[in-house]
Amino acid sequence: MELRRKDLLGMADLTAQEIGLILDTAASLKEISQRPIKKVPTLRGRTVVTLFYEPSTRTRMSFEIAAKRLSADTVNLTVAASSAVKGETLADTAANLQAMQPDVLIIRHQASGAPHYLARRLRCGVVNAGDGLHEHPTQALLDLLTIREAKGRLDGLKVAIVGDILHSRVARSNILGLTTMGSRVVVAGPATMLPPGLTALGAEVTHSLEEAVRDADAIMMLRLQLERMGQNFLSTLREYSTHFGLAPRHLGLAREDVIVMHPGPLNRGVEISPEVADGPYSVILEQVTNGVAVRMAVLLLLIGER
């Protein structure tokens, strides 16, 4: 099977077979990162451009490492040092990059739909590295890979997603991906942080952390995105942590082999206690490792055969 598409814009676009193909490819590519020389010539001569309008550590670095491990040439455009600060539009920036003949453009943007806008206008492939409050597909794919590695499957699992659901593109992409692969998804958070339409995506909704994590196979905690909030979403961080912060006592409600996840960066002591984040159930660093493998797989499947 091939990934017969030019772009990766969201989990909503992917079938179960396509998700399985990406996960299987990523699993096979993980071995490269264990070699003394972590490089193969698969994408030699290809050019990968990253264009990030929002801050990023894990996503940006793992895309760059993934491209380099496949021997692609990588170019990182820092928006703060680009013509965007002089008023150049996104369309003009992308058109100028296209004129330099890259093979794929990886973009993170604060506006929902920005990668889709570019994909309709550019000949090169476009990968969504996070757009506004919409989606973050490669984060969901690495999360799915991490769960599948720990549990051996995705079908029939209960996955709890807890926290700031409203502002989380990670939550949306994971709900779409997990339900497509047959998992049961339960989301929990304060009423002000639970957007309408979650049940239409296939998720169950609760306002209780305890109910969400009960018998869960995996617990995914989300960062409070304070930079996207006003004053009406949250009373105090202490109150939020009391009701929705994952502590060791909550793990006793979940499955004995539960795994704890977080897309990062962590607000330690707010959405997750240090004891849990660094404890034996945590697979947070495994998620980071899998992020490189998944992004290698995406680049390979999108441009490796073109």
# chains A, B, ... in the order shown; residues from 1 in each chain; ligands from 1

call {"tool": "closest_atom_pairs", "arguments": {"of": "region 11-46 of chain A", "to": "region 181-196 of chain A", "cutoff": "12 Å", "atoms": "only C-alpha atoms", "output": "tab-separated table"}}
result
residue	atom	partner	partner_atom	distance
A:Met11	CA	A:Met181	CA	11.1
A:Leu14	CA	A:Met181	CA	10.6
A:Thr15	CA	A:Met181	CA	8.9
A:Ala16	CA	A:Met181	CA	5.9
A:Gln17	CA	A:Met181	CA	9.1
A:Glu18	CA	A:Met181	CA	10.6
A:Ile19	CA	A:Met181	CA	8.2
A:Gly20	CA	A:Met181	CA	8.5
A:Leu23	CA	A:Met181	CA	11.5

call {"tool": "write_last_selection", "arguments": {"atoms": "N, CA and C atoms", "output": "PDB file, in the first residue's frame"}}
result
ATOM      1  N   MET A  11      -5.764  14.350  10.685  1.00  0.00           N
ATOM      2  CA  MET A  11      -6.192  12.970  10.895  1.00  0.00           C
ATOM      3  C   MET A  11      -7.560  12.721  10.283  1.00  0.00           C
ATOM      4  N   LEU A  14      -7.369  10.858   6.975  1.00  0.00           N
ATOM      5  CA  LEU A  14      -6.719   9.562   6.874  1.00  0.00           C
ATOM      6  C   LEU A  14      -7.674   8.410   7.164  1.00  0.00           C
ATOM      7  N   THR A  15      -7.554   7.338   6.393  1.00  0.00           N
ATOM      8  CA  THR A  15      -8.292   6.109   6.659  1.00  0.00           C
ATOM      9  C   THR A  15      -7.521   5.277   7.678  1.00  0.00           C
ATOM     10  N   ALA A  16      -8.183   4.256   8.207  1.00  0.00           N
ATOM     11  CA  ALA A  16      -7.514   3.347   9.138  1.00  0.00           C
ATOM     12  C   ALA A  16      -6.339   2.659   8.456  1.00  0.00           C
ATOM     13  N   GLN A  17      -6.478   2.337   7.185  1.00  0.00           N
ATOM     14  CA  GLN A  17      -5.397   1.679   6.455  1.00  0.00           C
ATOM     15  C   GLN A  17      -4.199   2.616   6.296  1.00  0.00           C
ATOM     16  N   GLU A  18      -4.453   3.889   6.025  1.00  0.00           N
ATOM     17  CA  GLU A  18      -3.356   4.852   5.883  1.00  0.00           C
ATOM     18  C   GLU A  18      -2.660   5.086   7.221  1.00  0.00           C
ATOM     19  N   ILE A  19      -3.432   5.189   8.288  1.00  0.00           N
ATOM     20  CA  ILE A  19      -2.821   5.342   9.614  1.00  0.00           C
ATOM     21  C   ILE A  19      -1.958   4.123   9.925  1.00  0.00           C
ATOM     22  N   GLY A  20      -2.478   2.936   9.648  1.00  0.00           N
ATOM     23  CA  GLY A  20      -1.709   1.716   9.887  1.00  0.00           C
ATOM     24  C   GLY A  20      -0.420   1.684   9.083  1.00  0.00           C
ATOM     25  N   LEU A  23       2.093   4.050  10.763  1.00  0.00           N
ATOM     26  CA  LEU A  23       2.602   3.472  12.009  1.00  0.00           C
ATOM     27  C   LEU A  23       3.552   2.324  11.726  1.00  0.00           C
TER      28      LEU A  23
END

call {"tool": "residues_around", "arguments": {"residues": "Arg223 (chain A)", "least_positions_apart": "2", "cutoff": "12 Å", "atoms": "only C-alpha atoms", "output": "ChimeraX atom specification"}}
result
/A:161-171,189,193,220-221,225-228,237,240-241,244-246,261-272

call {"tool": "closest_atom_pairs", "arguments": {"of": "region 70-93 of chain A", "to": "region 111-118 of chain A", "cutoff": "12 Å", "atoms": "only C-alpha atoms", "output": "tab-separated table"}}
result
residue	atom	partner	partner_atom	distance
A:Thr89	CA	A:Ala114	CA	11.6
A:Leu90	CA	A:Leu118	CA	8.4
A:Ala91	CA	A:Leu118	CA	7.0
A:Asp92	CA	A:Leu118	CA	10.3
A:Thr93	CA	A:Leu118	CA	10.2

call {"tool": "write_last_selection", "arguments": {"atoms": "all heavy atoms", "output": "short mmCIF file (atom, residue, chain, number, x, y, z; two decimals), in the first residue's frame"}}
result
data_model
loop_
_atom_site.label_atom_id
_atom_site.label_comp_id
_atom_site.auth_asym_id
_atom_site.auth_seq_id
_atom_site.Cartn_x
_atom_site.Cartn_y
_atom_site.Cartn_z
N THR A 89 2.75 38.54 3.18
CA THR A 89 1.66 37.63 3.49
C THR A 89 2.15 36.18 3.47
O THR A 89 3.19 35.85 2.89
CB THR A 89 0.51 37.77 2.48
OG1 THR A 89 0.98 37.33 1.19
CG2 THR A 89 0.03 39.20 2.40
N LEU A 90 1.35 35.32 4.09
CA LEU A 90 1.66 33.88 4.09
C LEU A 90 1.71 33.35 2.67
O LEU A 90 2.61 32.57 2.31
CB LEU A 90 0.62 33.13 4.91
CG LEU A 90 0.72 31.60 4.91
CD1 LEU A 90 2.05 31.14 5.50
CD2 LEU A 90 -0.45 30.99 5.69
N ALA A 91 0.76 33.77 1.84
CA ALA A 91 0.72 33.29 0.45
C ALA A 91 1.97 33.71 -0.31
O ALA A 91 2.54 32.91 -1.07
CB ALA A 91 -0.53 33.81 -0.24
N ASP A 92 2.43 34.94 -0.11
CA ASP A 92 3.62 35.41 -0.82
C ASP A 92 4.87 34.71 -0.30
O ASP A 92 5.77 34.37 -1.09
CB ASP A 92 3.77 36.92 -0.68
CG ASP A 92 2.79 37.69 -1.56
OD1 ASP A 92 2.31 37.11 -2.55
OD2 ASP A 92 2.50 38.86 -1.25
N THR A 93 4.94 34.52 1.01
CA THR A 93 6.08 33.78 1.56
C THR A 93 6.15 32.39 0.97
O THR A 93 7.21 31.93 0.53
CB THR A 93 5.97 33.70 3.09
OG1 THR A 93 6.02 35.01 3.66
CG2 THR A 93 7.11 32.87 3.68
#

call {"tool": "select_by_dssp", "arguments": {"residues": "region 214-283 of chain A", "states": "strand (DSSP E or B)", "output": "VMD selection string"}}
result
chain A and resid 218 to 221 246 259 to 261 268 272 282

call {"tool": "write_last_selection", "arguments": {"atoms": "N, CA and C atoms", "output": "CSV table (one decimal), in the first residue's frame"}}
result
chain,number,residue,atom,x,y,z
A,218,ALA,N,-4.8,4.0,28.7
A,218,ALA,CA,-3.8,5.1,28.5
A,218,ALA,C,-4.5,6.4,29.0
A,219,ILE,N,-3.7,7.2,29.6
A,219,ILE,CA,-4.1,8.5,30.1
A,219,ILE,C,-3.3,9.6,29.5
A,220,MET,N,-3.9,10.5,28.7
A,220,MET,CA,-3.2,11.6,28.0
A,220,MET,C,-3.5,12.9,28.7
A,221,MET,N,-2.6,13.5,29.4
A,221,MET,CA,-2.8,14.8,30.0
A,221,MET,C,-2.4,15.9,29.0
A,246,LEU,N,-3.3,15.2,37.4
A,246,LEU,CA,-3.1,13.8,37.6
A,246,LEU,C,-2.0,13.5,38.7
A,259,ILE,N,-0.6,3.4,30.9
A,259,ILE,CA,0.5,4.3,30.5
A,259,ILE,C,0.0,5.8,30.6
A,260,VAL,N,0.9,6.7,31.0
A,260,VAL,CA,0.6,8.1,31.1
A,260,VAL,C,1.4,8.8,30.0
A,261,MET,N,0.7,9.7,29.4
A,261,MET,CA,1.2,10.4,28.2
A,261,MET,C,1.0,12.0,28.4
A,268,ARG,N,4.6,21.1,35.3
A,268,ARG,CA,4.7,20.2,36.5
A,268,ARG,C,3.9,20.8,37.7
A,272,ILE,N,-0.1,17.7,35.8
A,272,ILE,CA,0.5,16.4,36.2
A,272,ILE,C,1.6,16.6,37.3
A,282,SER,N,5.0,6.4,33.1
A,282,SER,CA,5.1,7.5,32.1
A,282,SER,C,5.8,7.0,30.9

call {"tool": "closest_residue", "arguments": {"among": "A:Arg60, A:Leu133, A:Val258, A:Val205", "to": "Leu157 (chain A)", "atoms": "only C-alpha atoms"}}
result
A:Val258

call {"tool": "closest_atom_pairs", "arguments": {"of": "region 109-226 of chain A", "to": "region 48-56 of chain A", "cutoff": "12 Å", "atoms": "only C-alpha atoms", "output": "Markdown table"}}
result
| residue | atom | partner | partner_atom | distance |
| --- | --- | --- | --- | --- |
| A:His109 | CA | A:Tyr53 | CA | 5.0 |
| A:Gln110 | CA | A:Glu54 | CA | 6.6 |
| A:Ala111 | CA | A:Tyr53 | CA | 9.5 |
| A:Ala114 | CA | A:Tyr53 | CA | 10.6 |
| A:Pro115 | CA | A:Leu51 | CA | 10.6 |
| A:Leu118 | CA | A:Leu51 | CA | 11.8 |
| A:Cys124 | CA | A:Val48 | CA | 9.9 |
| A:Gly125 | CA | A:Val48 | CA | 9.5 |
| A:Val126 | CA | A:Val49 | CA | 9.7 |
| A:Val127 | CA | A:Thr50 | CA | 9.3 |
| A:Asn128 | CA | A:Leu51 | CA | 10.3 |
| A:Ala129 | CA | A:Phe52 | CA | 8.3 |
| A:Gly130 | CA | A:Glu54 | CA | 9.0 |
| A:Asp131 | CA | A:Glu54 | CA | 9.4 |
| A:Gly132 | CA | A:Glu54 | CA | 9.5 |

call {"tool": "decode", "arguments": {"residues": "region 109-168 of chain A", "atoms": "C-alpha atoms", "output": "PDB file, in the first residue's frame"}}
result
ATOM      1  CA  HIS A 109       0.704  28.499  12.066  1.00  0.00           C
ATOM      2  CA  GLN A 110      -1.597  30.188  14.560  1.00  0.00           C
ATOM      3  CA  ALA A 111      -4.445  30.316  12.028  1.00  0.00           C
ATOM      4  CA  SER A 112      -6.590  27.211  11.696  1.00  0.00           C
ATOM      5  CA  GLY A 113      -6.589  26.075   8.083  1.00  0.00           C
ATOM      6  CA  ALA A 114      -3.307  27.737   7.065  1.00  0.00           C
ATOM      7  CA  PRO A 115      -1.728  24.439   5.854  1.00  0.00           C
ATOM      8  CA  HIS A 116      -4.864  23.663   3.805  1.00  0.00           C
ATOM      9  CA  TYR A 117      -4.688  27.134   2.268  1.00  0.00           C
ATOM     10  CA  LEU A 118      -1.101  26.529   1.189  1.00  0.00           C
ATOM     11  CA  ALA A 119      -1.701  22.963  -0.006  1.00  0.00           C
ATOM     12  CA  ARG A 120      -4.213  24.239  -2.551  1.00  0.00           C
ATOM     13  CA  ARG A 121      -1.661  26.707  -3.934  1.00  0.00           C
ATOM     14  CA  LEU A 122       1.663  24.875  -3.850  1.00  0.00           C
ATOM     15  CA  ARG A 123       3.006  22.059  -6.011  1.00  0.00           C
ATOM     16  CA  CYS A 124       5.231  20.747  -3.232  1.00  0.00           C
ATOM     17  CA  GLY A 125       3.897  18.652  -0.386  1.00  0.00           C
ATOM     18  CA  VAL A 126       2.580  20.397   2.718  1.00  0.00           C
ATOM     19  CA  VAL A 127       2.678  18.895   6.211  1.00  0.00           C
ATOM     20  CA  ASN A 128       0.606  20.372   9.015  1.00  0.00           C
ATOM     21  CA  ALA A 129       2.788  20.761  12.117  1.00  0.00           C
ATOM     22  CA  GLY A 130      -0.088  22.351  14.045  1.00  0.00           C
ATOM     23  CA  ASP A 131      -2.636  24.927  12.888  1.00  0.00           C
ATOM     24  CA  GLY A 132      -4.433  27.093  15.415  1.00  0.00           C
ATOM     25  CA  LEU A 133      -7.010  25.134  17.389  1.00  0.00           C
ATOM     26  CA  HIS A 134      -7.575  22.714  14.519  1.00  0.00           C
ATOM     27  CA  GLU A 135      -5.198  19.749  14.193  1.00  0.00           C
ATOM     28  CA  HIS A 136      -1.707  18.390  14.866  1.00  0.00           C
ATOM     29  CA  PRO A 137      -1.663  15.125  12.915  1.00  0.00           C
ATOM     30  CA  THR A 138       1.929  14.009  13.434  1.00  0.00           C
ATOM     31  CA  GLN A 139       1.534  14.393  17.203  1.00  0.00           C
ATOM     32  CA  ALA A 140      -1.504  12.121  17.090  1.00  0.00           C
ATOM     33  CA  LEU A 141       0.372   9.598  14.945  1.00  0.00           C
ATOM     34  CA  LEU A 142       3.282   9.424  17.373  1.00  0.00           C
ATOM     35  CA  ASP A 143       0.817   9.062  20.245  1.00  0.00           C
ATOM     36  CA  LEU A 144      -0.915   6.195  18.452  1.00  0.00           C
ATOM     37  CA  LEU A 145       2.431   4.524  17.813  1.00  0.00           C
ATOM     38  CA  THR A 146       3.380   4.874  21.488  1.00  0.00           C
ATOM     39  CA  ILE A 147       0.091   3.343  22.636  1.00  0.00           C
ATOM     40  CA  ARG A 148       0.329   0.510  20.110  1.00  0.00           C
ATOM     41  CA  GLU A 149       3.875  -0.314  21.189  1.00  0.00           C
ATOM     42  CA  ALA A 150       2.850  -0.455  24.850  1.00  0.00           C
ATOM     43  CA  LYS A 151      -0.430  -2.332  24.367  1.00  0.00           C
ATOM     44  CA  GLY A 152       0.112  -4.288  21.164  1.00  0.00           C
ATOM     45  CA  ARG A 153      -3.058  -2.884  19.633  1.00  0.00           C
ATOM     46  CA  LEU A 154      -5.333   0.156  19.441  1.00  0.00           C
ATOM     47  CA  ASP A 155      -8.699  -1.487  18.890  1.00  0.00           C
ATOM     48  CA  GLY A 156     -10.786  -1.883  22.035  1.00  0.00           C
ATOM     49  CA  LEU A 157      -8.648   0.277  24.322  1.00  0.00           C
ATOM     50  CA  LYS A 158      -9.961   3.014  26.596  1.00  0.00           C
ATOM     51  CA  VAL A 159      -7.965   6.231  26.287  1.00  0.00           C
ATOM     52  CA  ALA A 160      -8.625   9.181  28.605  1.00  0.00           C
ATOM     53  CA  ILE A 161      -7.714  12.670  27.363  1.00  0.00           C
ATOM     54  CA  VAL A 162      -7.783  15.199  30.191  1.00  0.00           C
ATOM     55  CA  GLY A 163      -7.369  18.939  30.466  1.00  0.00           C
ATOM     56  CA  ASP A 164      -7.684  21.942  28.196  1.00  0.00           C
ATOM     57  CA  ILE A 165      -9.593  20.246  25.380  1.00  0.00           C
ATOM     58  CA  LEU A 166     -10.944  23.513  23.977  1.00  0.00           C
ATOM     59  CA  HIS A 167      -7.557  24.924  22.982  1.00  0.00           C
ATOM     60  CA  SER A 168      -5.907  21.612  22.099  1.00  0.00           C
TER      61      SER A 168
END
